[in-house]
file final18.txt (compact mmCIF, C-alpha atoms)
# COMPACT_ATOMS: atom_id res chain seq x y z
CA GLU A 6 0.00 0.00 0.00
CA ALA A 7 2.84 2.39 0.79
CA LEU A 8 4.43 1.68 -2.58
CA ASN A 9 1.15 2.28 -4.40
CA SER A 10 0.67 5.59 -2.58
CA ILE A 11 4.14 6.74 -3.61
CA ILE A 12 3.50 5.77 -7.22
CA ALA A 13 0.20 7.64 -7.25
CA MET A 14 1.85 10.76 -5.83
CA GLY A 15 4.78 10.70 -8.20
CA GLY A 16 3.24 9.54 -11.40
CA LEU A 17 -0.51 9.30 -11.71
CA GLY A 18 -1.36 12.05 -9.24
CA GLY A 19 0.66 14.65 -11.08
CA SER A 20 2.86 15.55 -8.10
CA ASP A 21 6.45 16.52 -8.65
CA PRO A 22 8.68 13.47 -8.05
CA VAL A 23 11.35 15.73 -6.61
CA LYS A 24 9.11 16.54 -3.66
CA LEU A 25 8.78 12.86 -2.76
CA ASP A 26 12.39 12.82 -1.45
CA LEU A 27 13.02 9.12 -2.13
CA ARG A 28 16.36 8.05 -0.63
CA PRO A 29 18.27 4.75 -0.38
CA ILE A 30 18.78 3.58 3.19
CA SER A 31 20.96 0.93 4.84
CA ILE A 32 19.46 -1.81 6.97
CA PRO A 33 21.13 -4.40 9.20
CA LEU A 34 21.52 -7.94 7.89
CA SER A 35 19.27 -9.27 10.65
CA TRP A 36 16.30 -7.47 9.07
CA ILE A 37 16.53 -9.65 5.95
CA ALA A 38 14.03 -12.49 6.30
CA GLY A 39 15.00 -14.27 3.08
CA VAL A 40 16.25 -14.01 -0.49
CA THR A 41 13.99 -14.73 -3.47
CA LYS A 42 14.76 -15.79 -7.00
CA ALA A 43 13.16 -12.63 -8.42
CA ARG A 44 15.16 -9.45 -8.87
CA ILE A 45 14.75 -6.03 -10.44
CA LEU A 46 17.25 -4.20 -12.60
CA LEU A 47 18.36 -0.89 -11.14
CA PRO A 48 18.81 2.12 -13.43
CA PRO A 49 22.37 3.33 -13.97
CA HIS A 50 21.70 6.70 -12.29
CA GLN A 51 19.97 6.12 -9.00
CA LEU A 52 20.34 9.68 -7.77
CA GLU A 53 17.68 11.07 -10.09
CA PRO A 54 14.16 11.29 -8.55
CA LEU A 55 12.51 9.79 -11.62
CA ASP A 56 14.88 6.84 -11.58
CA ARG A 57 14.12 6.22 -7.93
CA LEU A 58 10.42 6.36 -8.70
CA ASP A 59 10.96 3.73 -11.40
CA ILE A 60 12.58 1.49 -8.80
CA VAL A 61 9.55 1.86 -6.52
CA ARG A 62 7.20 1.13 -9.43
CA SER A 63 9.18 -2.02 -10.32
CA MET A 64 9.00 -3.20 -6.72
CA SER A 65 5.24 -2.65 -6.69
CA ASP A 66 4.80 -4.64 -9.90
CA LEU A 67 6.92 -7.44 -8.46
CA LEU A 68 4.83 -7.60 -5.31
CA LYS A 69 1.63 -7.72 -7.35
CA ALA A 70 3.02 -10.55 -9.45
CA GLY A 71 4.05 -12.38 -6.30
CA ALA A 72 0.56 -12.06 -4.88
CA ALA A 73 -0.91 -13.55 -8.04
CA MET A 74 1.77 -16.23 -8.52
CA PRO A 75 3.53 -17.27 -5.28
CA ASP A 76 6.33 -19.01 -7.21
CA VAL A 77 7.62 -15.62 -8.37
CA LEU A 78 8.74 -14.67 -4.86
CA ALA A 79 9.71 -18.19 -3.78
CA PRO A 80 12.87 -18.21 -1.62
CA LEU A 81 16.14 -19.46 -3.08
CA CYS A 82 16.90 -23.11 -2.48
CA PRO A 83 20.50 -23.39 -1.23
CA PHE A 84 21.23 -26.76 -2.81
CA ARG A 85 19.07 -26.50 -5.94
CA ASP A 86 19.55 -22.85 -6.92
CA LEU A 87 22.93 -22.06 -5.30
CA GLN A 88 24.48 -25.53 -5.85
CA LEU A 89 25.48 -25.85 -2.17
CA GLU A 90 25.60 -29.59 -1.55
CA GLU A 91 26.51 -29.20 2.13
CA ALA A 92 23.35 -27.17 2.65
CA LYS A 93 21.30 -30.16 1.54
CA ALA A 94 22.77 -32.26 4.34
CA LEU A 95 22.02 -29.51 6.85
CA VAL A 96 18.42 -29.28 5.69
CA GLU A 97 18.02 -33.04 6.00
CA LYS A 98 19.46 -32.99 9.52
CA LYS A 99 17.13 -30.16 10.45
CA SER A 100 14.10 -32.07 9.22
CA LYS A 101 15.19 -35.18 11.12
CA LEU A 102 15.62 -33.16 14.30
CA GLU A 103 12.20 -31.62 13.85
CA GLN A 104 10.69 -35.06 13.38
CA ALA A 105 12.52 -36.38 16.43
CA SER A 106 11.46 -33.42 18.58
CA SER A 107 7.83 -34.01 17.66
CA HIS A 108 8.02 -37.69 18.51
CA SER A 109 5.93 -38.68 21.49
CA ASP A 110 8.70 -40.82 23.04
CA VAL A 111 11.11 -37.89 23.12
CA LYS A 112 8.52 -35.63 24.68
CA ALA A 113 7.70 -38.28 27.26
CA LEU A 114 11.39 -38.72 28.07
CA VAL A 115 11.89 -35.00 28.63
CA LYS A 116 8.76 -34.91 30.73
CA ASP A 117 9.94 -37.82 32.88
CA VAL A 118 13.38 -36.30 33.48
CA GLY A 119 12.02 -32.95 34.54
CA GLU A 120 13.51 -29.51 34.24
CA GLY A 121 14.96 -29.53 37.76
CA ASP A 122 16.87 -32.78 37.18
CA LEU A 123 18.31 -31.44 33.95
CA GLN A 124 19.58 -28.31 35.69
CA GLN A 125 21.12 -30.39 38.45
CA LYS A 126 22.87 -32.67 35.98
CA LEU A 127 24.11 -29.68 34.01
CA SER A 128 25.55 -28.03 37.12
CA THR A 129 27.21 -31.31 38.13
CA TRP A 130 28.74 -31.69 34.68
CA MET A 131 30.05 -28.11 34.73
CA LYS A 132 31.55 -28.73 38.17
CA TYR A 133 33.37 -31.86 36.97
CA ARG A 134 34.56 -30.07 33.85
CA GLN A 135 36.08 -27.29 35.94
CA GLU A 136 37.74 -29.81 38.25
CA THR A 137 39.20 -31.58 35.20
CA ARG A 138 40.61 -28.32 33.90
CA ASP A 139 42.12 -27.51 37.30
CA LEU A 140 43.77 -30.93 37.48
CA ALA A 141 45.15 -30.54 33.95
CA ALA A 142 46.65 -27.18 34.91
CA LYS A 143 48.23 -28.70 38.04
CA MET A 144 49.69 -31.56 35.99
CA LYS A 145 51.16 -29.08 33.52
CA ARG A 146 52.77 -27.06 36.32
CA ALA A 147 54.16 -30.24 37.89
CA ARG A 148 55.54 -31.39 34.54
CA MET A 149 57.25 -28.04 34.05
CA LEU A 150 58.82 -28.35 37.50
CA VAL A 151 60.10 -31.84 36.69
CA MET A 152 61.50 -30.72 33.36
CA GLY A 153 63.10 -27.70 34.98
CA GLU A 154 64.74 -29.89 37.61
CA GLU A 155 65.95 -32.32 34.95
CA LEU A 156 67.41 -29.43 32.96
CA LYS A 157 69.29 -28.20 36.03
CA ASN A 158 70.73 -31.67 36.59
CA LYS A 159 71.90 -31.95 32.98
CA MET A 160 73.47 -28.51 33.17
CA ARG A 161 75.31 -29.70 36.26
CA VAL A 162 76.65 -32.67 34.27
CA LEU A 163 77.94 -30.35 31.55
CA ARG A 164 79.68 -28.20 34.14
CA ARG A 165 81.30 -31.22 35.77
CA LEU A 166 82.63 -32.42 32.42
CA LYS A 167 83.83 -28.91 31.45
CA TYR A 168 81.48 -28.46 28.51
CA ILE A 169 80.25 -25.19 30.00
CA ASN A 170 81.69 -22.99 32.73
CA ASP A 171 80.05 -21.69 35.88
CA GLU A 172 78.42 -18.88 33.88
CA ASN A 173 76.91 -21.48 31.48
CA ILE A 174 79.14 -20.32 28.62
CA VAL A 175 79.96 -23.06 26.11
CA GLN A 176 83.59 -24.16 26.20
CA LEU A 177 85.72 -25.89 23.55
CA LYS A 178 84.44 -29.35 24.44
CA GLY A 179 80.90 -28.06 24.18
CA LYS A 180 81.55 -26.59 20.73
CA PHE A 181 82.82 -29.97 19.59
CA ALA A 182 79.97 -31.94 21.18
CA CYS A 183 77.23 -29.82 19.63
CA ARG A 184 78.40 -30.96 16.16
CA VAL A 185 77.87 -34.64 16.99
CA GLN A 186 74.28 -35.68 16.28
CA THR A 187 74.56 -39.30 15.10
CA ALA A 188 76.02 -40.76 18.31
CA ASP A 189 76.19 -40.08 22.03
CA SER A 190 77.84 -36.67 21.84
CA LEU A 191 79.31 -36.68 25.36
CA VAL A 192 81.01 -40.07 25.12
CA ALA A 193 82.25 -39.40 21.58
CA THR A 194 83.68 -36.03 22.62
CA GLU A 195 85.32 -37.46 25.72
CA TRP A 196 87.04 -40.16 23.69
CA ILE A 197 88.14 -37.91 20.82
CA LEU A 198 89.50 -35.10 23.00
CA THR A 199 90.92 -37.02 25.97
CA SER A 200 92.53 -40.08 24.35
CA ASP A 201 95.39 -40.64 21.92
CA VAL A 202 93.28 -40.76 18.78
CA LEU A 203 96.08 -39.28 16.71
CA GLN A 204 98.29 -42.28 17.53
CA LEU A 205 95.86 -44.64 15.77
CA ASP A 206 95.83 -45.20 12.05
CA ALA A 207 92.82 -44.01 10.06
CA ALA A 208 91.32 -47.49 9.66
CA ALA A 209 91.42 -48.06 13.42
CA VAL A 210 89.75 -44.68 14.04
CA ALA A 211 86.87 -45.65 11.76
CA ALA A 212 86.64 -49.09 13.38
CA VAL A 213 86.47 -47.70 16.92
CA CYS A 214 83.90 -45.10 15.89
CA SER A 215 81.64 -47.96 14.80
CA LEU A 216 80.94 -48.52 18.52
CA PHE A 217 78.82 -45.37 18.52
CA ILE A 218 76.47 -46.45 15.72
CA CYS A 219 76.32 -50.25 16.07
CA GLU A 220 72.84 -51.74 16.50
CA GLU A 221 73.52 -55.27 15.25
CA ARG A 222 74.16 -58.38 17.35
CA PHE A 223 76.10 -61.38 16.10
CA ALA A 224 79.09 -63.50 17.02
CA HIS A 225 82.31 -61.62 16.41
CA ARG A 226 85.89 -61.13 17.48
CA ILE A 227 87.75 -57.96 18.43
CA PRO A 228 91.06 -57.35 16.62
CA ALA A 229 93.97 -56.93 19.00
CA GLU A 230 95.07 -53.63 17.49
CA VAL A 231 91.87 -51.87 18.60
CA GLU A 232 91.37 -53.46 22.02
CA ALA A 233 93.05 -50.55 23.82
CA PRO A 234 91.01 -47.74 22.17
CA ILE A 235 87.82 -49.76 22.71
CA ALA A 236 88.67 -49.96 26.40
CA GLU A 237 89.14 -46.18 26.37
CA VAL A 238 85.68 -45.69 24.88
CA LYS A 239 84.19 -47.94 27.56
CA ALA A 240 86.02 -45.97 30.25
CA CYS A 241 84.68 -42.69 28.85
CA ALA A 242 81.16 -44.12 28.83
CA LYS A 243 81.54 -45.26 32.43
CA ARG A 244 82.77 -41.83 33.51
CA VAL A 245 79.91 -40.02 31.76
CA ALA A 246 77.38 -42.39 33.35
CA GLU A 247 78.85 -41.99 36.84
CA VAL A 248 78.89 -38.20 36.59
CA SER A 249 75.31 -38.21 35.31
CA ILE A 250 74.10 -40.40 38.17
CA SER A 251 75.92 -38.24 40.72
CA CYS A 252 74.10 -35.23 39.27
CA LYS A 253 70.75 -37.04 39.60
CA VAL A 254 70.32 -37.61 35.87
CA GLN A 255 68.58 -40.93 35.31
CA ILE A 256 70.54 -43.56 33.38
CA PRO A 257 68.26 -46.49 32.41
CA GLY A 258 69.83 -49.71 33.64
CA GLY A 259 72.71 -48.01 35.44
CA VAL A 260 76.37 -47.66 34.52
CA LEU A 261 76.83 -51.21 33.20
CA ALA A 262 73.87 -50.97 30.83
CA PHE A 263 75.14 -47.63 29.57
CA GLU A 264 78.56 -49.14 28.81
CA GLN A 265 76.97 -52.03 26.94
CA LYS A 266 75.24 -49.61 24.57
CA PHE A 267 78.56 -49.24 22.76
CA ARG A 268 78.70 -52.56 20.95
CA THR A 269 81.75 -53.99 19.20
CA GLU A 270 80.10 -56.19 16.55
CA LEU A 271 81.05 -53.93 13.64
CA VAL A 272 84.65 -53.25 14.69
CA ALA A 273 86.35 -56.11 12.83
CA LEU A 274 84.06 -55.71 9.83
CA THR A 275 84.77 -51.96 9.55
CA LEU A 276 88.49 -52.48 10.03
CA ALA A 277 88.60 -55.04 7.23
CA TRP A 278 86.56 -52.80 4.94
CA CYS A 279 88.84 -49.81 5.52
CA LYS A 280 91.87 -52.00 4.78
CA GLY A 281 90.55 -52.88 1.34
CA ALA A 282 88.45 -56.02 1.80
CA SER A 283 85.69 -56.59 -0.72
CA PHE A 284 82.04 -56.31 0.19
CA LEU A 285 81.64 -60.06 -0.25
CA GLU A 286 84.42 -60.69 2.26
CA VAL A 287 83.01 -58.36 4.91
CA SER A 288 79.52 -59.79 4.36
CA LYS A 289 80.82 -63.23 5.28
CA MET A 290 82.17 -61.85 8.57
CA SER A 291 78.63 -61.53 9.96
CA ASP A 292 75.19 -63.02 9.53
CA CYS A 293 73.61 -59.58 9.00
CA PHE A 294 71.74 -58.62 5.89
CA GLU A 295 73.80 -56.79 3.30
CA GLY A 296 71.47 -53.81 3.57
CA SER A 297 72.15 -53.56 7.30
CA ILE A 298 75.89 -53.46 6.64
CA VAL A 299 75.49 -50.74 4.02
CA ARG A 300 73.28 -48.68 6.32
CA ALA A 301 75.73 -49.03 9.22
CA LEU A 302 78.73 -47.97 7.12
CA ARG A 303 76.83 -44.98 5.78
CA ARG A 304 75.87 -43.93 9.30
CA LEU A 305 79.50 -44.29 10.29
CA ASP A 306 80.50 -41.97 7.46
CA MET A 307 77.97 -39.41 8.73
CA LEU A 308 79.46 -39.67 12.23
CA LEU A 309 82.98 -39.17 10.88
CA LEU A 310 81.78 -36.11 8.98
CA GLN A 311 80.36 -34.64 12.18
CA LEU A 312 83.61 -35.37 14.03
CA GLN A 313 85.48 -33.63 11.24
CA GLU A 314 83.24 -30.58 11.57
CA GLY A 315 83.83 -30.57 15.32
CA ALA A 316 87.59 -30.68 14.78
CA GLN A 317 87.29 -27.78 12.35
CA ALA A 318 85.43 -25.78 15.01
CA LEU A 319 88.37 -26.32 17.37
CA GLY A 320 91.01 -25.73 14.70
CA GLU A 321 92.64 -29.15 15.24
CA SER A 322 94.33 -29.63 11.88
CA GLU A 323 95.87 -33.03 12.73
CA LEU A 324 92.55 -34.41 13.91
CA ILE A 325 90.84 -33.05 10.79
CA ALA A 326 93.37 -34.83 8.58
CA LYS A 327 93.02 -38.08 10.53
CA VAL A 328 89.23 -38.17 10.30
CA GLU A 329 89.27 -37.12 6.66
CA GLU A 330 91.62 -39.99 5.86
CA ALA A 331 89.31 -42.40 7.68
CA ARG A 332 86.39 -41.18 5.59
CA LYS A 333 88.36 -41.76 2.39
CA LEU A 334 89.11 -45.34 3.41
CA LEU A 335 85.47 -45.92 4.33
CA GLY A 336 83.76 -44.26 1.37
CA ARG A 337 84.39 -46.60 -1.52
CA ASP A 338 82.95 -49.32 -3.73
CA VAL A 339 79.35 -50.49 -3.76
CA VAL A 340 78.54 -49.23 -0.24
CA PHE A 341 78.70 -45.61 -1.36
CA ALA A 342 77.58 -46.06 -4.94
CA ALA A 343 74.91 -43.61 -6.07
CA SER A 344 72.86 -46.54 -7.41
CA LEU A 345 73.17 -50.31 -7.28
CA TYR A 346 71.91 -50.56 -10.86
CA VAL A 347 75.32 -50.33 -12.55
call {"tool": "encode", "arguments": {"input": "final18.txt", "output": "structure tokens"}}
result
Amino acid sequence: EALNSIIAMGGLGGSDPVKLDLRPISIPLSWIAGVTKARILLPPHQLEPLDRLDIVRSMSDLLKAGAAMPDVLAPLCPFRDLQLEEAKALVEKKSKLEQASSHSDVKALVKDVGEGDLQQKLSTWMKYRQETRDLAAKMKRARMLVMGEELKNKMRVLRRLKYINDENIVQLKGKFACRVQTADSLVATEWILTSDVLQLDAAAVAAVCSLFICEERFAHRIPAEVEAPIAEVKACAKRVAEVSISCKVQIPGGVLAFEQKFRTELVALTLAWCKGASFLEVSKMSDCFEGSIVRALRRLDMLLLQLQEGAQALGESELIAKVEEARKLLGRDVVFAASLYV
């Protein structure tokens, strides 16, 4: 009716359209009840009074057509008109919920429970949820305390072994140890920097370093020429374990179990390989799969590379040359081939 009155005033009644003062206004999104398939084309210049009157006239015609034919102003279907497949699932869920809510059994169930019981259960659930959150926060604080205490103990170990000073500044041993990632960095550093590694030949250095990466178990023998350096590695491991335990750092299994982590199965095999034995010969020295031997020797090469980088950080030219020579003896033949399809 309001639209028809405006049209009569502006057009049929002979009034000046300028006096109608038609203006576009903004409305909040919450005022929109729905969106229909019908639309009107707006004129290019909407500031002119006559153009605005044309918009009102088009809206009036659209409403009249909608009154005569309801399909004209039918709302848009989200999954048929807008191709929104997920909306179809939502509509189906909504209809199922409406059907379930109207079911007599559901109504009877709600009636039997009662509003007071529901409120009591809700308050109990909220109470338990808050208690659970409080306990989780307490556990997190306790875990942080444990981790903080463990960190202090490990820092104490590093100070005892001279990797850091009393001001927690990294020393030379610490600079070397931080380069070692493939093996136990403390034991490897203790052996490299406190023993007579330079007195060994390059093949023996590679063989002894195999203790740090060995994971295989098989019957083997230890060559006499590397028995002394192996004993030095075991002594370094024992010292690191004892210092750790004295600083309240947990060592699973104790000192003996920590020493036994450094296995000697690959020593003879690595020594023979570095002295020029063929892969067939070293394969016969163990009952391991060939792939396991290749993987172990490649890991050993990675460890030697890290030891070489540590020596470079310290500026130890003799140690750099020794480890580099060991890598040259190790990195040969089919073990370090780019591809086995040759």
call {"tool": "residues_around", "arguments": {"input": "final18.txt", "residues": "Ile45 (chain A)", "least_positions_apart": "4", "cutoff": "10 Å", "atoms": "all atoms listed in the file", "output": "PDB file with C-alpha atoms, in the frame of the given file"}}
result
ATOM      1  CA  ILE A  60      12.580   1.490  -8.800  1.00  0.00           C
ATOM      2  CA  SER A  63       9.180  -2.020 -10.320  1.00  0.00           C
ATOM      3  CA  MET A  64       9.000  -3.200  -6.720  1.00  0.00           C
ATOM      4  CA  LEU A  67       6.920  -7.440  -8.460  1.00  0.00           C
TER       5      LEU A  67
END
call {"tool": "closest_residue", "arguments": {"input": "final18.txt", "among": "A:Pro228, A:Gly315, A:Pro234, A:Gly296", "to": "Thr275 (chain A)", "atoms": "all atoms listed in the file"}}
result
A:Pro228
call {"tool": "residues_around", "arguments": {"input": "final18.txt", "residues": "region 165-174 of chain A", "least_positions_apart": "6", "cutoff": "12 Å", "atoms": "all atoms listed in the file", "output": "PyMOL selection string"}}
result
chain A and resi 157-159+180-183+190-192+194-195+198-199+241+244-252
call {"tool": "atom_distance", "arguments": {"input": "final18.txt", "atom1": "CA of Arg337 (chain A)", "atom2": "CA of Val238 (chain A)"}}
result
26.4 Å
call {"tool": "atom_distance", "arguments": {"input": "final18.txt", "atom1": "CA of Ala301 (chain A)", "atom2": "CA of Leu274 (chain A)"}}
result
10.7 Å
call {"tool": "residues_around", "arguments": {"input": "final18.txt", "residues": "Leu334 (chain A)", "least_positions_apart": "2", "cutoff": "12 Å", "atoms": "all atoms listed in the file", "output": "count of residues only"}}
result
30
call {"tool": "residues_around", "arguments": {"input": "final18.txt", "residues": "Glu154 (chain A)", "least_positions_apart": "4", "cutoff": "12 Å", "atoms": "all atoms listed in the file", "output": "NGL selection string"}}
result
:A and (147-150 or 158-161 or 252-255)
call {"tool": "closest_residue", "arguments": {"input": "final18.txt", "among": "A:Ala142, A:Phe284, A:Leu156, A:Leu310", "to": "Cys214 (chain A)", "atoms": "all atoms listed in the file"}}
result
A:Leu310
call {"tool": "atom_distance", "arguments": {"input": "final18.txt", "atom1": "CA of Val185 (chain A)", "atom2": "CA of Gln311 (chain A)"}}
result
5.4 Å
call {"tool": "closest_residue", "arguments": {"input": "final18.txt", "among": "A:Leu58, A:Leu203, A:Ala242, A:Ala233", "to": "Glu321 (chain A)", "atoms": "all atoms listed in the file"}}
result
A:Leu203
call {"tool": "closest_residue", "arguments": {"input": "final18.txt", "among": "A:Leu68, A:Leu271, A:Leu205, A:Leu78", "to": "Phe223 (chain A)", "atoms": "all atoms listed in the file"}}
result
A:Leu271
call {"tool": "closest_residue", "arguments": {"input": "final18.txt", "among": "A:Met290, A:Cys82, A:Leu308, A:Ala236", "to": "Thr187 (chain A)", "atoms": "only C-alpha atoms"}}
result
A:Leu308
call {"tool": "residues_around", "arguments": {"input": "final18.txt", "residues": "Gly39 (chain A)", "least_positions_apart": "2", "cutoff": "7 Å", "atoms": "all atoms listed in the file", "output": "list of chain:residue names"}}
result
A:Ile37, A:Thr41, A:Pro80
call {"tool": "decode", "arguments": {"input": "final18.txt", "residues": "region 152-232 of chain A", "atoms": "C-alpha atoms", "output": "PDB file, in the first residue's frame"}}
result
ATOM      1  CA  MET A 152      61.501 -30.720  33.356  1.00  0.00           C
ATOM      2  CA  GLY A 153      63.103 -27.699  34.984  1.00  0.00           C
ATOM      3  CA  GLU A 154      64.745 -29.889  37.614  1.00  0.00           C
ATOM      4  CA  GLU A 155      65.955 -32.318  34.948  1.00  0.00           C
ATOM      5  CA  LEU A 156      67.411 -29.428  32.961  1.00  0.00           C
ATOM      6  CA  LYS A 157      69.289 -28.197  36.028  1.00  0.00           C
ATOM      7  CA  ASN A 158      70.728 -31.669  36.588  1.00  0.00           C
ATOM      8  CA  LYS A 159      71.896 -31.950  32.981  1.00  0.00           C
ATOM      9  CA  MET A 160      73.468 -28.505  33.173  1.00  0.00           C
ATOM     10  CA  ARG A 161      75.312 -29.704  36.264  1.00  0.00           C
ATOM     11  CA  VAL A 162      76.653 -32.674  34.265  1.00  0.00           C
ATOM     12  CA  LEU A 163      77.940 -30.352  31.549  1.00  0.00           C
ATOM     13  CA  ARG A 164      79.683 -28.197  34.142  1.00  0.00           C
ATOM     14  CA  ARG A 165      81.301 -31.222  35.771  1.00  0.00           C
ATOM     15  CA  LEU A 166      82.627 -32.425  32.417  1.00  0.00           C
ATOM     16  CA  LYS A 167      83.831 -28.911  31.449  1.00  0.00           C
ATOM     17  CA  TYR A 168      81.481 -28.464  28.511  1.00  0.00           C
ATOM     18  CA  ILE A 169      80.248 -25.186  30.003  1.00  0.00           C
ATOM     19  CA  ASN A 170      81.692 -22.985  32.726  1.00  0.00           C
ATOM     20  CA  ASP A 171      80.054 -21.690  35.880  1.00  0.00           C
ATOM     21  CA  GLU A 172      78.421 -18.883  33.877  1.00  0.00           C
ATOM     22  CA  ASN A 173      76.913 -21.477  31.479  1.00  0.00           C
ATOM     23  CA  ILE A 174      79.139 -20.321  28.623  1.00  0.00           C
ATOM     24  CA  VAL A 175      79.963 -23.060  26.110  1.00  0.00           C
ATOM     25  CA  GLN A 176      83.590 -24.156  26.200  1.00  0.00           C
ATOM     26  CA  LEU A 177      85.724 -25.893  23.551  1.00  0.00           C
ATOM     27  CA  LYS A 178      84.441 -29.354  24.436  1.00  0.00           C
ATOM     28  CA  GLY A 179      80.896 -28.062  24.176  1.00  0.00           C
ATOM     29  CA  LYS A 180      81.553 -26.593  20.732  1.00  0.00           C
ATOM     30  CA  PHE A 181      82.820 -29.970  19.591  1.00  0.00           C
ATOM     31  CA  ALA A 182      79.967 -31.944  21.178  1.00  0.00           C
ATOM     32  CA  CYS A 183      77.228 -29.825  19.627  1.00  0.00           C
ATOM     33  CA  ARG A 184      78.395 -30.963  16.164  1.00  0.00           C
ATOM     34  CA  VAL A 185      77.872 -34.644  16.992  1.00  0.00           C
ATOM     35  CA  GLN A 186      74.283 -35.682  16.275  1.00  0.00           C
ATOM     36  CA  THR A 187      74.558 -39.297  15.099  1.00  0.00           C
ATOM     37  CA  ALA A 188      76.015 -40.761  18.305  1.00  0.00           C
ATOM     38  CA  ASP A 189      76.195 -40.080  22.033  1.00  0.00           C
ATOM     39  CA  SER A 190      77.837 -36.670  21.845  1.00  0.00           C
ATOM     40  CA  LEU A 191      79.307 -36.679  25.363  1.00  0.00           C
ATOM     41  CA  VAL A 192      81.011 -40.070  25.117  1.00  0.00           C
ATOM     42  CA  ALA A 193      82.253 -39.403  21.578  1.00  0.00           C
ATOM     43  CA  THR A 194      83.675 -36.032  22.619  1.00  0.00           C
ATOM     44  CA  GLU A 195      85.322 -37.458  25.719  1.00  0.00           C
ATOM     45  CA  TRP A 196      87.042 -40.163  23.688  1.00  0.00           C
ATOM     46  CA  ILE A 197      88.136 -37.909  20.824  1.00  0.00           C
ATOM     47  CA  LEU A 198      89.504 -35.103  23.003  1.00  0.00           C
ATOM     48  CA  THR A 199      90.917 -37.019  25.972  1.00  0.00           C
ATOM     49  CA  SER A 200      92.528 -40.080  24.353  1.00  0.00           C
ATOM     50  CA  ASP A 201      95.386 -40.640  21.923  1.00  0.00           C
ATOM     51  CA  VAL A 202      93.277 -40.763  18.782  1.00  0.00           C
ATOM     52  CA  LEU A 203      96.085 -39.282  16.713  1.00  0.00           C
ATOM     53  CA  GLN A 204      98.288 -42.284  17.532  1.00  0.00           C
ATOM     54  CA  LEU A 205      95.855 -44.635  15.770  1.00  0.00           C
ATOM     55  CA  ASP A 206      95.832 -45.204  12.047  1.00  0.00           C
ATOM     56  CA  ALA A 207      92.821 -44.006  10.057  1.00  0.00           C
ATOM     57  CA  ALA A 208      91.322 -47.493   9.657  1.00  0.00           C
ATOM     58  CA  ALA A 209      91.425 -48.060  13.417  1.00  0.00           C
ATOM     59  CA  VAL A 210      89.755 -44.684  14.039  1.00  0.00           C
ATOM     60  CA  ALA A 211      86.866 -45.651  11.764  1.00  0.00           C
ATOM     61  CA  ALA A 212      86.637 -49.093  13.376  1.00  0.00           C
ATOM     62  CA  VAL A 213      86.474 -47.701  16.921  1.00  0.00           C
ATOM     63  CA  CYS A 214      83.905 -45.099  15.885  1.00  0.00           C
ATOM     64  CA  SER A 215      81.644 -47.959  14.804  1.00  0.00           C
ATOM     65  CA  LEU A 216      80.940 -48.520  18.521  1.00  0.00           C
ATOM     66  CA  PHE A 217      78.815 -45.370  18.520  1.00  0.00           C
ATOM     67  CA  ILE A 218      76.465 -46.449  15.720  1.00  0.00           C
ATOM     68  CA  CYS A 219      76.315 -50.247  16.069  1.00  0.00           C
ATOM     69  CA  GLU A 220      72.842 -51.740  16.496  1.00  0.00           C
ATOM     70  CA  GLU A 221      73.521 -55.270  15.253  1.00  0.00           C
ATOM     71  CA  ARG A 222      74.159 -58.381  17.349  1.00  0.00           C
ATOM     72  CA  PHE A 223      76.100 -61.376  16.097  1.00  0.00           C
ATOM     73  CA  ALA A 224      79.086 -63.505  17.022  1.00  0.00           C
ATOM     74  CA  HIS A 225      82.307 -61.617  16.408  1.00  0.00           C
ATOM     75  CA  ARG A 226      85.885 -61.126  17.481  1.00  0.00           C
ATOM     76  CA  ILE A 227      87.749 -57.961  18.425  1.00  0.00           C
ATOM     77  CA  PRO A 228      91.065 -57.353  16.616  1.00  0.00           C
ATOM     78  CA  ALA A 229      93.973 -56.933  19.002  1.00  0.00           C
ATOM     79  CA  GLU A 230      95.069 -53.626  17.486  1.00  0.00           C
ATOM     80  CA  VAL A 231      91.868 -51.870  18.596  1.00  0.00           C
ATOM     81  CA  GLU A 232      91.373 -53.456  22.019  1.00  0.00           C
TER      82      GLU A 232
END
